[in-house]
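Colleague: protein-v2.cif (mmCIF, C-alpha atoms and all ligand atoms) pasted underneath:
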data_target
loop_
_atom_site.label_atom_id
_atom_site.label_comp_id
_atom_site.auth_asym_id
_atom_site.auth_seq_id
_atom_site.Cartn_x
_atom_site.Cartn_y
_atom_site.Cartn_z
CA SER X 3 -77.44 -85.89 -69.57
CA GLU X 4 -79.77 -88.62 -68.40
CA GLU X 5 -76.87 -90.88 -67.40
CA GLN X 6 -75.16 -88.15 -65.40
CA LEU X 7 -78.34 -87.14 -63.65
CA ARG X 8 -78.88 -90.78 -62.68
CA GLN X 9 -75.30 -90.96 -61.40
CA ALA X 10 -75.70 -87.76 -59.35
CA GLN X 11 -78.95 -88.97 -57.81
CA LYS X 12 -77.41 -92.32 -56.98
CA MET X 13 -74.46 -90.55 -55.33
CA GLU X 14 -76.74 -88.41 -53.24
CA ALA X 15 -78.89 -91.34 -52.12
CA VAL X 16 -75.88 -93.49 -51.30
CA GLY X 17 -74.27 -90.58 -49.48
CA ARG X 18 -77.33 -90.03 -47.30
CA LEU X 19 -77.74 -93.72 -46.59
CA ALA X 20 -74.04 -94.18 -45.82
CA GLY X 21 -74.04 -91.18 -43.51
CA GLY X 22 -76.99 -92.51 -41.52
CA ILE X 23 -75.55 -95.99 -41.19
CA ALA X 24 -72.07 -94.68 -40.36
CA HIS X 25 -73.48 -92.52 -37.59
CA ASP X 26 -75.38 -95.37 -35.88
CA PHE X 27 -72.54 -97.76 -36.49
CA ASN X 28 -70.09 -95.40 -34.82
CA ASN X 29 -72.19 -95.37 -31.66
CA LEU X 30 -72.20 -99.18 -31.59
CA LEU X 31 -68.43 -99.24 -32.11
CA THR X 32 -67.99 -97.00 -29.10
CA VAL X 33 -69.80 -99.62 -27.00
CA VAL X 34 -67.62 -102.42 -28.42
CA LEU X 35 -64.38 -100.49 -27.87
CA SER X 36 -65.13 -99.33 -24.34
CA GLY X 37 -66.34 -102.85 -23.43
CA ALA X 38 -63.09 -104.36 -24.71
CA GLU X 39 -61.09 -101.78 -22.76
CA ARG X 40 -62.93 -102.52 -19.54
CA LEU X 41 -62.47 -106.26 -20.00
CA GLU X 42 -58.77 -105.73 -20.60
CA GLN X 43 -58.47 -103.77 -17.36
CA LYS X 44 -60.15 -106.65 -15.53
CA LEU X 45 -58.41 -109.58 -17.23
CA GLY X 46 -55.09 -108.09 -18.26
CA PRO X 47 -53.62 -108.25 -21.79
CA ASP X 48 -55.37 -110.75 -24.04
CA ARG X 49 -54.86 -111.69 -27.67
CA ASN X 50 -58.55 -111.98 -28.48
CA LEU X 51 -59.36 -108.63 -26.89
CA LYS X 52 -56.54 -107.06 -28.91
CA ALA X 53 -58.07 -108.51 -32.08
CA ILE X 54 -61.46 -107.03 -31.16
CA GLN X 55 -59.94 -103.61 -30.53
CA HIS X 56 -57.96 -103.77 -33.74
CA ALA X 57 -60.99 -104.65 -35.84
CA ALA X 58 -63.16 -102.04 -34.11
CA ASP X 59 -60.49 -99.38 -34.69
CA ARG X 60 -60.40 -100.19 -38.38
CA ALA X 61 -64.18 -100.13 -38.57
CA ALA X 62 -64.16 -96.73 -36.87
CA ARG X 63 -61.72 -95.39 -39.47
CA LEU X 64 -63.92 -96.65 -42.28
CA THR X 65 -67.07 -95.12 -40.81
CA GLY X 66 -65.12 -91.89 -40.35
CA GLN X 67 -64.40 -91.86 -44.09
CA LEU X 68 -68.03 -92.56 -44.85
CA LEU X 69 -69.13 -89.70 -42.63
CA ALA X 70 -66.68 -87.34 -44.30
CA PHE X 71 -67.98 -88.46 -47.70
CA SER X 72 -71.64 -87.86 -46.88
CA ARG X 73 -71.28 -84.77 -44.72
CA GLN X 74 -72.46 -81.51 -46.17
CA GLN X 75 -69.29 -79.47 -46.31
CA ILE X 76 -69.41 -75.71 -45.98
CA LEU X 77 -68.07 -74.45 -49.26
CA ALA X 78 -66.35 -71.16 -49.97
CA PRO X 79 -66.15 -70.91 -53.75
CA ARG X 80 -63.99 -68.12 -55.10
CA ALA X 81 -61.81 -67.29 -58.10
CA LEU X 82 -59.11 -69.97 -58.22
CA ASP X 83 -55.97 -70.46 -60.24
CA LEU X 84 -55.51 -74.23 -60.64
CA ASP X 85 -51.76 -73.82 -61.24
CA ALA X 86 -51.43 -72.01 -57.92
CA VAL X 87 -53.41 -74.74 -56.16
CA LEU X 88 -51.15 -77.38 -57.76
CA GLU X 89 -48.04 -75.53 -56.69
CA GLY X 90 -49.27 -75.23 -53.12
CA LEU X 91 -50.04 -78.95 -53.00
CA GLN X 92 -46.74 -80.06 -54.50
CA PRO X 93 -44.96 -81.00 -51.24
CA ILE X 94 -47.87 -83.23 -50.21
CA LEU X 95 -48.10 -84.76 -53.68
CA LEU X 96 -44.39 -85.59 -53.65
CA ARG X 97 -44.81 -87.28 -50.29
CA ILE X 98 -47.80 -89.29 -51.55
CA LEU X 99 -45.93 -90.40 -54.68
CA GLY X 100 -42.72 -91.47 -52.95
CA GLU X 101 -39.28 -91.93 -54.47
CA ASP X 102 -40.09 -94.28 -57.34
CA ILE X 103 -42.61 -92.08 -59.10
CA GLU X 104 -41.46 -89.02 -61.00
CA LEU X 105 -43.77 -86.00 -60.91
CA GLU X 106 -43.89 -83.52 -63.76
CA VAL X 107 -46.07 -80.44 -63.43
CA LEU X 108 -46.80 -78.40 -66.55
CA PRO X 109 -48.50 -75.07 -65.80
CA THR X 110 -50.11 -72.77 -68.36
CA SER X 111 -49.36 -69.10 -68.87
CA SER X 112 -52.49 -66.92 -68.54
CA LEU X 113 -54.50 -69.83 -67.21
CA ARG X 114 -58.16 -68.88 -66.79
CA LYS X 115 -59.66 -68.85 -63.34
CA VAL X 116 -62.37 -71.19 -62.13
CA PHE X 117 -65.04 -70.56 -59.50
CA ALA X 118 -64.62 -73.29 -56.92
CA ASP X 119 -63.90 -74.23 -53.33
CA GLN X 120 -60.15 -74.70 -52.84
CA GLY X 121 -60.59 -77.62 -50.43
CA GLN X 122 -62.71 -79.46 -52.98
CA ILE X 123 -60.25 -78.84 -55.80
CA GLU X 124 -57.46 -80.16 -53.58
CA GLN X 125 -59.57 -83.23 -52.88
CA VAL X 126 -59.98 -83.83 -56.62
CA ILE X 127 -56.23 -83.55 -57.21
CA MET X 128 -55.29 -85.74 -54.22
CA ASN X 129 -57.74 -88.48 -55.18
CA LEU X 130 -56.37 -88.58 -58.74
CA VAL X 131 -52.80 -88.62 -57.46
CA VAL X 132 -53.40 -91.39 -54.90
CA ASN X 133 -55.02 -93.52 -57.61
CA ALA X 134 -52.12 -92.86 -59.99
CA ARG X 135 -49.65 -93.89 -57.30
CA ASP X 136 -51.58 -97.09 -56.57
CA ALA X 137 -51.53 -97.90 -60.30
CA MET X 138 -47.71 -97.69 -60.37
CA PRO X 139 -46.50 -100.07 -57.63
CA GLU X 140 -43.20 -100.50 -59.47
CA GLY X 141 -42.74 -96.77 -60.01
CA GLY X 142 -43.35 -94.64 -63.08
CA LYS X 143 -44.25 -91.12 -64.00
CA LEU X 144 -47.18 -88.86 -63.24
CA THR X 145 -47.77 -85.73 -65.30
CA LEU X 146 -50.10 -83.01 -64.07
CA GLU X 147 -50.97 -80.47 -66.71
CA THR X 148 -53.34 -77.56 -67.11
CA ALA X 149 -54.69 -75.86 -70.23
CA ASN X 150 -57.26 -73.38 -71.46
CA VAL X 151 -59.76 -75.26 -73.62
CA ASP X 152 -62.84 -74.10 -75.54
CA PHE X 153 -65.82 -76.22 -76.46
CA ASP X 154 -68.02 -74.94 -79.27
CA ASP X 155 -71.78 -75.42 -79.36
CA ARG X 156 -71.55 -78.26 -81.82
CA TYR X 157 -69.04 -80.21 -79.72
CA ALA X 158 -71.18 -79.68 -76.62
CA ARG X 159 -74.26 -80.86 -78.47
CA ASP X 160 -72.48 -84.03 -79.58
CA HIS X 161 -71.02 -84.75 -76.14
CA PRO X 162 -73.57 -85.16 -73.35
CA GLY X 163 -72.48 -83.48 -70.12
CA VAL X 164 -70.19 -80.97 -71.87
CA SER X 165 -71.20 -77.32 -71.58
CA PRO X 166 -70.12 -74.99 -74.38
CA GLY X 167 -67.67 -72.15 -73.77
CA PRO X 168 -64.28 -71.50 -72.16
CA HIS X 169 -62.96 -74.12 -69.73
CA VAL X 170 -59.87 -74.92 -67.69
CA MET X 171 -58.47 -78.43 -68.02
CA LEU X 172 -56.55 -80.33 -65.39
CA ALA X 173 -55.00 -83.56 -66.68
CA ALA X 174 -53.39 -86.36 -64.68
CA SER X 175 -51.51 -88.93 -66.78
CA ASP X 176 -49.83 -91.95 -65.26
CA THR X 177 -47.72 -94.77 -66.68
CA GLY X 178 -49.51 -97.30 -64.48
CA PHE X 179 -51.24 -100.62 -65.14
CA GLY X 180 -54.34 -99.03 -66.69
CA MET X 181 -57.92 -100.31 -66.72
CA ASP X 182 -59.89 -102.59 -69.01
CA PRO X 183 -63.18 -101.23 -70.44
CA GLY X 184 -65.25 -103.15 -67.86
CA THR X 185 -63.40 -101.45 -65.00
CA GLN X 186 -63.57 -98.05 -66.70
CA ALA X 187 -67.35 -98.31 -66.85
CA ARG X 188 -67.64 -98.66 -63.08
CA ILE X 189 -64.93 -96.45 -61.56
CA PHE X 190 -67.26 -93.55 -60.72
CA ASP X 191 -69.71 -95.81 -58.88
CA PRO X 192 -69.64 -95.30 -55.10
CA PHE X 193 -67.90 -98.25 -53.39
CA PHE X 194 -66.44 -99.69 -56.59
CA THR X 195 -62.84 -100.62 -55.89
CA THR X 196 -60.31 -103.14 -57.18
CA LYS X 197 -57.91 -102.44 -54.32
CA ALA X 198 -57.09 -104.93 -51.58
CA ARG X 199 -59.42 -105.03 -48.58
CA GLY X 200 -58.77 -102.14 -46.25
CA LYS X 201 -56.86 -100.19 -48.93
CA GLY X 202 -59.66 -98.77 -51.03
CA THR X 203 -63.12 -97.45 -50.17
CA GLY X 204 -64.28 -96.91 -53.73
CA LEU X 205 -65.32 -93.37 -52.81
CA GLY X 206 -62.40 -91.44 -54.33
CA LEU X 207 -63.64 -91.08 -57.88
CA ALA X 208 -67.29 -90.88 -56.83
CA THR X 209 -66.25 -87.83 -54.79
CA VAL X 210 -64.28 -86.40 -57.73
CA PHE X 211 -67.30 -86.93 -59.97
CA GLY X 212 -69.61 -85.15 -57.52
CA ILE X 213 -67.32 -82.15 -57.12
CA VAL X 214 -66.70 -81.72 -60.85
CA LYS X 215 -70.41 -82.06 -61.71
CA GLN X 216 -71.33 -79.58 -59.01
CA SER X 217 -69.07 -76.97 -60.58
CA GLY X 218 -70.60 -77.54 -64.02
CA GLY X 219 -67.62 -79.44 -65.39
CA HIS X 220 -67.02 -82.89 -66.80
CA ILE X 221 -64.41 -85.66 -66.84
CA TRP X 222 -62.75 -87.35 -69.78
CA LEU X 223 -60.95 -90.66 -69.31
CA TYR X 224 -58.49 -92.57 -71.43
CA SER X 225 -56.92 -95.78 -70.17
CA GLU X 226 -55.11 -98.73 -71.66
CA VAL X 227 -54.08 -101.87 -69.83
CA GLY X 228 -50.32 -101.99 -69.40
CA ILE X 229 -49.81 -98.45 -70.76
CA GLY X 230 -51.43 -96.06 -68.32
CA THR X 231 -54.33 -93.77 -67.60
CA THR X 232 -55.19 -90.15 -68.29
CA PHE X 233 -57.94 -88.30 -66.48
CA LYS X 234 -58.87 -84.90 -67.87
CA VAL X 235 -61.07 -82.81 -65.62
CA TYR X 236 -62.72 -79.74 -67.16
CA PHE X 237 -64.07 -76.82 -65.16
CA PRO X 238 -65.96 -73.94 -66.78
CA GLU X 239 -64.15 -70.60 -66.63
CA ILE X 240 -65.42 -68.29 -63.90
CA ARG X 241 -68.34 -66.15 -65.08
CA ALA X 242 -68.75 -62.41 -64.63
CA GLY X 243 -71.15 -62.45 -61.65
CA GLU X 244 -68.96 -64.94 -59.80
CA GLN X 245 -65.92 -62.71 -59.35
CA ALA X 246 -67.06 -61.60 -55.88
CA ASP X 247 -63.99 -61.84 -53.66
CA PRO X 248 -63.65 -60.87 -50.00
CA ALA X 249 -60.70 -58.66 -51.00
CA ASP X 250 -62.93 -56.78 -53.40
CA PRO X 251 -66.28 -56.56 -51.61
CA GLU X 252 -69.62 -55.49 -53.00
CA PRO X 253 -70.75 -52.03 -51.89
CA ALA X 254 -72.53 -52.55 -48.58
CA VAL X 255 -75.24 -50.04 -49.37
CA VAL X 256 -77.02 -50.19 -52.67
CA VAL X 257 -78.86 -46.99 -53.51
CA ASP X 258 -82.16 -47.62 -55.22
CA GLU X 259 -82.47 -45.22 -58.13
P1 LIG X 301 -60.42 -96.52 -54.47
O1 LIG X 301 -59.19 -95.72 -54.79
O2 LIG X 301 -60.75 -96.48 -53.01
O3 LIG X 301 -60.41 -97.90 -55.03
P2 LIG X 301 -61.70 -94.82 -56.41
O4 LIG X 301 -63.13 -94.46 -56.62
O5 LIG X 301 -60.74 -93.69 -56.25
O6 LIG X 301 -61.66 -95.77 -55.16
O7 LIG X 301 -61.19 -95.73 -57.61
C1 LIG X 301 -61.97 -96.82 -58.05
C2 LIG X 301 -61.15 -97.79 -58.88
O8 LIG X 301 -60.80 -97.18 -60.12
C3 LIG X 301 -59.83 -98.21 -58.28
O9 LIG X 301 -59.98 -99.24 -57.33
C4 LIG X 301 -59.08 -98.67 -59.53
O10 LIG X 301 -59.48 -99.97 -59.92
C5 LIG X 301 -59.58 -97.74 -60.59
N1 LIG X 301 -58.63 -96.63 -60.87
C6 LIG X 301 -58.78 -95.33 -60.50
N2 LIG X 301 -57.75 -94.59 -60.93
C7 LIG X 301 -56.91 -95.43 -61.60
C8 LIG X 301 -55.67 -95.25 -62.29
N3 LIG X 301 -55.07 -94.06 -62.38
N4 LIG X 301 -55.11 -96.35 -62.86
C9 LIG X 301 -55.71 -97.57 -62.79
N5 LIG X 301 -56.88 -97.80 -62.15
C10 LIG X 301 -57.48 -96.74 -61.57
#
Could you write out this structure as structure tokens?
Ligand code: ADP
Modeller:
Amino acid sequence: SEEQLRQAQKMEAVGRLAGGIAHDFNNLLTVVLSGAERLEQKLGPDRNLKAIQHAADRAARLTGQLLAFSRQQILAPRALDLDAVLEGLQPILLRILGEDIELEVLPTSSLRKVFADQGQIEQVIMNLVVNARDAMPEGGKLTLETANVDFDDRYARDHPGVSPGPHVMLAASDTGFGMDPGTQARIFDPFFTTKARGKGTGLGLATVFGIVKQSGGHIWLYSEVGIGTTFKVYFPEIRAGEQADPADPEPAVVVDE
């Protein structure tokens, strides 16, 4: 749709701009950091120099995140089972969530495969899980669920951004503090964050949006203040021509008839 195209173009422009700035900024930070180090060697330990180093270190981490966001990653899309990806990630997810948040994972029998890069799918899941955790500072429950879902032509026509046909859904539902409609309208914007300074970059959901769009999918959001939030991410089922798998290679020589 128009709105989604605009969003994708904005993402790309911001990504390019951010990458350029982050790169130059990183070089400047190197000068600041090495200068502070040399001064410290000359003058001995100093509170102000420590503060400079601390701030420069934090700035370097932030520019590192910006660079990662804007960098063109090398993608290796292949046939993926989202339940298998979820299972593989589970130990990390449990560590992210901590003791006060219960995790329930509900897989689907005969889940369809999607055609995607595993690293990108893991990024989508981790970003949703980190946000869910941050929305439940007092603890709660996160449910991760998959399903096979079909959209008919009529539904797709009535819902901009939805492609018709078989899809795989990944849902993340939390019992966190939720979002008001004004917040919901902005969450996919790059750099939009409500988190405390230094905690959020506002790039998590912008990244999720980019990855899901790129794979031809879409995102559905339901959130209520004080109740919780559900993100449903839909990926189209893998298509016939996309099954190519290193384990099952194409014939190297094609004989022209
Ligand atoms: P960041 O996590 O760095 O703030 P994101 O793009 O991931 O950036 O999220 C943007 C904002 O969307 C968050 O700051 C928060 O206000 C809101 N948000 C995202 N997920 C949730 C959630 N599960 N519950 C409540 N608010 C959320």
Colleague: So how far away is CA of Arg60 in chain X from CA of Gly200 in chain X, in Å?
Modeller: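 Distance between the two atoms: 8.3 Å.
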Colleague: Could the residues that lie within 8 Å of ligand LIG 301 (chain X), counting all atoms listed in the file, be listed as a ChimeraX atom specification?
Modeller: /X:129-138,175-176,178-181,185-186,188-197,201-209,225,230-233
Colleague: Distance CA of Arg80 in chain X-CA of Val116 in chain X, one decimal place?
Modeller: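 Answer for the CA of Arg80 in chain X to CA of Val116 in chain X separation: 7.8 Å.
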Colleague: Using Å and a single decimal, report how far CA of Ile229 in chain X sits from CA of Asp182 in chain X.
Modeller: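 About the pair CA of Asp182 in chain X and CA of Ile229 in chain X: they are 11.0 Å apart.
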Colleague: From the set X:Ile123, X:Leu108, X:Ile213, X:Ala81, which residue has the shortest atom-to-atom contact distance to Gly243 in chain X, counting all atoms listed in the file?
Modeller: X:Ala81
Colleague: Residues near Asp152 in chain X, anyone? I mean within 9 Å using all atoms listed in the file, not counting same-chain ones fewer than 6 positions away, as number ranges by chain.
Modeller: X: 166-170
Colleague: Could you pull the residues within 10 Å of Lys115 in chain X, counting all atoms listed in the file, minus those fewer than 2 positions along the same chain, as a list of chain:residue names?
Modeller: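 Contacts, in chain order: X:Arg80, X:Ala81, X:Leu82, X:Asp83, X:Leu84, X:Asp85, X:Ser112, X:Leu113, X:Phe117, X:Ala118, X:Asn150, X:His169, X:Val170, X:Phe237, X:Pro238, X:Glu239, X:Ile240, X:Arg241, X:Gln245.
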Colleague: Pick out the residues sitting within 12 Å of Leu96 in chain X, and hand them over as a ChimeraX atom specification; count all atoms listed in the file, and ignore anything fewer than 2 positions along from it in its own chain.
Modeller: /X:88-94,98-107,128,131-132,135,143-144
Colleague: So that I have them on file, write out the residues from the current selection with C-alpha atoms, as a CSV table (one decimal), in the coordinates of the input.
Modeller:
chain,number,residue,atom,x,y,z
X,88,LEU,CA,-51.2,-77.4,-57.8
X,89,GLU,CA,-48.0,-75.5,-56.7
X,90,GLY,CA,-49.3,-75.2,-53.1
X,91,LEU,CA,-50.0,-79.0,-53.0
X,92,GLN,CA,-46.7,-80.1,-54.5
X,93,PRO,CA,-45.0,-81.0,-51.2
X,94,ILE,CA,-47.9,-83.2,-50.2
X,98,ILE,CA,-47.8,-89.3,-51.6
X,99,LEU,CA,-45.9,-90.4,-54.7
X,100,GLY,CA,-42.7,-91.5,-53.0
X,101,GLU,CA,-39.3,-91.9,-54.5
X,102,ASP,CA,-40.1,-94.3,-57.3
X,103,ILE,CA,-42.6,-92.1,-59.1
X,104,GLU,CA,-41.5,-89.0,-61.0
X,105,LEU,CA,-43.8,-86.0,-60.9
X,106,GLU,CA,-43.9,-83.5,-63.8
X,107,VAL,CA,-46.1,-80.4,-63.4
X,128,MET,CA,-55.3,-85.7,-54.2
X,131,VAL,CA,-52.8,-88.6,-57.5
X,132,VAL,CA,-53.4,-91.4,-54.9
X,135,ARG,CA,-49.6,-93.9,-57.3
X,143,LYS,CA,-44.2,-91.1,-64.0
X,144,LEU,CA,-47.2,-88.9,-63.2
Colleague: Nearest residue to Glu124 in chain X out of X:Leu41, X:Ala242, X:Thr65, X:Val87, using all atoms listed in the file?
Modeller: X:Val87
Colleague: Can you work out which one of X:Asp155, X:Asp160, X:Glu244, X:Asp26 has the shortest atom-to-atom distance to Ala78 in chain X, counting all atoms listed in the file?
Modeller: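 Once distances to Ala78 in chain X are computed over all atoms listed in the file, the minimum belongs to X:Glu244.
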Colleague: Using the file's own x, y and z axes, so that the box edges lie along x, y and z, what centre and edge lengths in Å (one decimal) does a box around every listed atom of range 83-89 of chain X get when 5 Å is added on each side? Give it as AutoDock Vina command-line options.
Modeller:
--center_x -52.0 --center_y -73.9 --center_z -58.7 --size_x 17.9 --size_y 16.9 --size_z 15.1
Colleague: Identify which of the residues X:Ala62, X:Val126, X:Gly219, X:Ala20 lies closest to Thr32 in chain X, counting only C-alpha atoms when measuring atom-to-atom distances.
Modeller: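 Checking each candidate against Thr32 in chain X, we get X:Ala62 as the closest.
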Colleague: Just checking: using only C-alpha atoms, which residue out of X:Val227, X:Leu31, X:Gly212, X:Val151 ends up closest to Thr177 in chain X?
Modeller: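 Distance minimum relative to Thr177 in chain X lands on X:Val227.
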Colleague: Any chance you could build range 50-73 of chain X out to N, CA and C atoms and write it as a PDB file, keeping the file's coordinate frame?
Modeller:
ATOM      1  N   ASN X  50     -57.233-112.124 -27.852  1.00  0.00           N
ATOM      2  CA  ASN X  50     -58.550-111.980 -28.480  1.00  0.00           C
ATOM      3  C   ASN X  50     -59.115-110.572 -28.300  1.00  0.00           C
ATOM      4  N   LEU X  51     -58.891-110.008 -27.113  1.00  0.00           N
ATOM      5  CA  LEU X  51     -59.360-108.630 -26.890  1.00  0.00           C
ATOM      6  C   LEU X  51     -58.624-107.666 -27.817  1.00  0.00           C
ATOM      7  N   LYS X  52     -57.322-107.903 -27.995  1.00  0.00           N
ATOM      8  CA  LYS X  52     -56.540-107.060 -28.910  1.00  0.00           C
ATOM      9  C   LYS X  52     -57.119-107.120 -30.318  1.00  0.00           C
ATOM     10  N   ALA X  53     -57.503-108.334 -30.731  1.00  0.00           N
ATOM     11  CA  ALA X  53     -58.070-108.510 -32.080  1.00  0.00           C
ATOM     12  C   ALA X  53     -59.385-107.754 -32.204  1.00  0.00           C
ATOM     13  N   ILE X  54     -60.198-107.780 -31.145  1.00  0.00           N
ATOM     14  CA  ILE X  54     -61.460-107.030 -31.160  1.00  0.00           C
ATOM     15  C   ILE X  54     -61.204-105.535 -31.293  1.00  0.00           C
ATOM     16  N   GLN X  55     -60.250-105.049 -30.482  1.00  0.00           N
ATOM     17  CA  GLN X  55     -59.940-103.610 -30.530  1.00  0.00           C
ATOM     18  C   GLN X  55     -59.411-103.209 -31.896  1.00  0.00           C
ATOM     19  N   HIS X  56     -58.557-104.053 -32.442  1.00  0.00           N
ATOM     20  CA  HIS X  56     -57.960-103.770 -33.740  1.00  0.00           C
ATOM     21  C   HIS X  56     -59.036-103.652 -34.819  1.00  0.00           C
ATOM     22  N   ALA X  57     -59.928-104.636 -34.835  1.00  0.00           N
ATOM     23  CA  ALA X  57     -60.990-104.650 -35.840  1.00  0.00           C
ATOM     24  C   ALA X  57     -61.928-103.455 -35.640  1.00  0.00           C
ATOM     25  N   ALA X  58     -62.240-103.150 -34.378  1.00  0.00           N
ATOM     26  CA  ALA X  58     -63.160-102.040 -34.110  1.00  0.00           C
ATOM     27  C   ALA X  58     -62.515-100.703 -34.502  1.00  0.00           C
ATOM     28  N   ASP X  59     -61.195-100.596 -34.268  1.00  0.00           N
ATOM     29  CA  ASP X  59     -60.490 -99.380 -34.690  1.00  0.00           C
ATOM     30  C   ASP X  59     -60.560 -99.192 -36.200  1.00  0.00           C
ATOM     31  N   ARG X  60     -60.365-100.278 -36.910  1.00  0.00           N
ATOM     32  CA  ARG X  60     -60.400-100.190 -38.380  1.00  0.00           C
ATOM     33  C   ARG X  60     -61.800 -99.837 -38.855  1.00  0.00           C
ATOM     34  N   ALA X  61     -62.791-100.437 -38.211  1.00  0.00           N
ATOM     35  CA  ALA X  61     -64.180-100.130 -38.570  1.00  0.00           C
ATOM     36  C   ALA X  61     -64.485 -98.659 -38.302  1.00  0.00           C
ATOM     37  N   ALA X  62     -63.926 -98.134 -37.200  1.00  0.00           N
ATOM     38  CA  ALA X  62     -64.160 -96.730 -36.870  1.00  0.00           C
ATOM     39  C   ALA X  62     -63.534 -95.809 -37.924  1.00  0.00           C
ATOM     40  N   ARG X  63     -62.357 -96.209 -38.423  1.00  0.00           N
ATOM     41  CA  ARG X  63     -61.720 -95.390 -39.470  1.00  0.00           C
ATOM     42  C   ARG X  63     -62.567 -95.381 -40.730  1.00  0.00           C
ATOM     43  N   LEU X  64     -63.095 -96.544 -41.077  1.00  0.00           N
ATOM     44  CA  LEU X  64     -63.920 -96.650 -42.280  1.00  0.00           C
ATOM     45  C   LEU X  64     -65.194 -95.817 -42.140  1.00  0.00           C
ATOM     46  N   THR X  65     -65.848 -95.905 -40.979  1.00  0.00           N
ATOM     47  CA  THR X  65     -67.070 -95.120 -40.810  1.00  0.00           C
ATOM     48  C   THR X  65     -66.733 -93.624 -40.812  1.00  0.00           C
ATOM     49  N   GLY X  66     -65.554 -93.288 -40.312  1.00  0.00           N
ATOM     50  CA  GLY X  66     -65.120 -91.890 -40.350  1.00  0.00           C
ATOM     51  C   GLY X  66     -65.033 -91.391 -41.785  1.00  0.00           C
ATOM     52  N   GLN X  67     -64.485 -92.243 -42.671  1.00  0.00           N
ATOM     53  CA  GLN X  67     -64.400 -91.860 -44.090  1.00  0.00           C
ATOM     54  C   GLN X  67     -65.786 -91.724 -44.700  1.00  0.00           C
ATOM     55  N   LEU X  68     -66.663 -92.631 -44.327  1.00  0.00           N
ATOM     56  CA  LEU X  68     -68.030 -92.560 -44.850  1.00  0.00           C
ATOM     57  C   LEU X  68     -68.719 -91.276 -44.404  1.00  0.00           C
ATOM     58  N   LEU X  69     -68.510 -90.931 -43.141  1.00  0.00           N
ATOM     59  CA  LEU X  69     -69.130 -89.700 -42.630  1.00  0.00           C
ATOM     60  C   LEU X  69     -68.589 -88.481 -43.363  1.00  0.00           C
ATOM     61  N   ALA X  70     -67.276 -88.476 -43.587  1.00  0.00           N
ATOM     62  CA  ALA X  70     -66.680 -87.340 -44.300  1.00  0.00           C
ATOM     63  C   ALA X  70     -67.239 -87.239 -45.708  1.00  0.00           C
ATOM     64  N   PHE X  71     -67.470 -88.417 -46.323  1.00  0.00           N
ATOM     65  CA  PHE X  71     -67.980 -88.460 -47.700  1.00  0.00           C
ATOM     66  C   PHE X  71     -69.402 -87.893 -47.767  1.00  0.00           C
ATOM     67  N   SER X  72     -70.231 -88.221 -46.774  1.00  0.00           N
ATOM     68  CA  SER X  72     -71.640 -87.860 -46.880  1.00  0.00           C
ATOM     69  C   SER X  72     -71.954 -86.502 -46.251  1.00  0.00           C
ATOM     70  N   ARG X  73     -71.025 -86.024 -45.422  1.00  0.00           N
ATOM     71  CA  ARG X  73     -71.280 -84.770 -44.720  1.00  0.00           C
ATOM     72  C   ARG X  73     -71.411 -83.604 -45.681  1.00  0.00           C
TER      73      ARG X  73
END
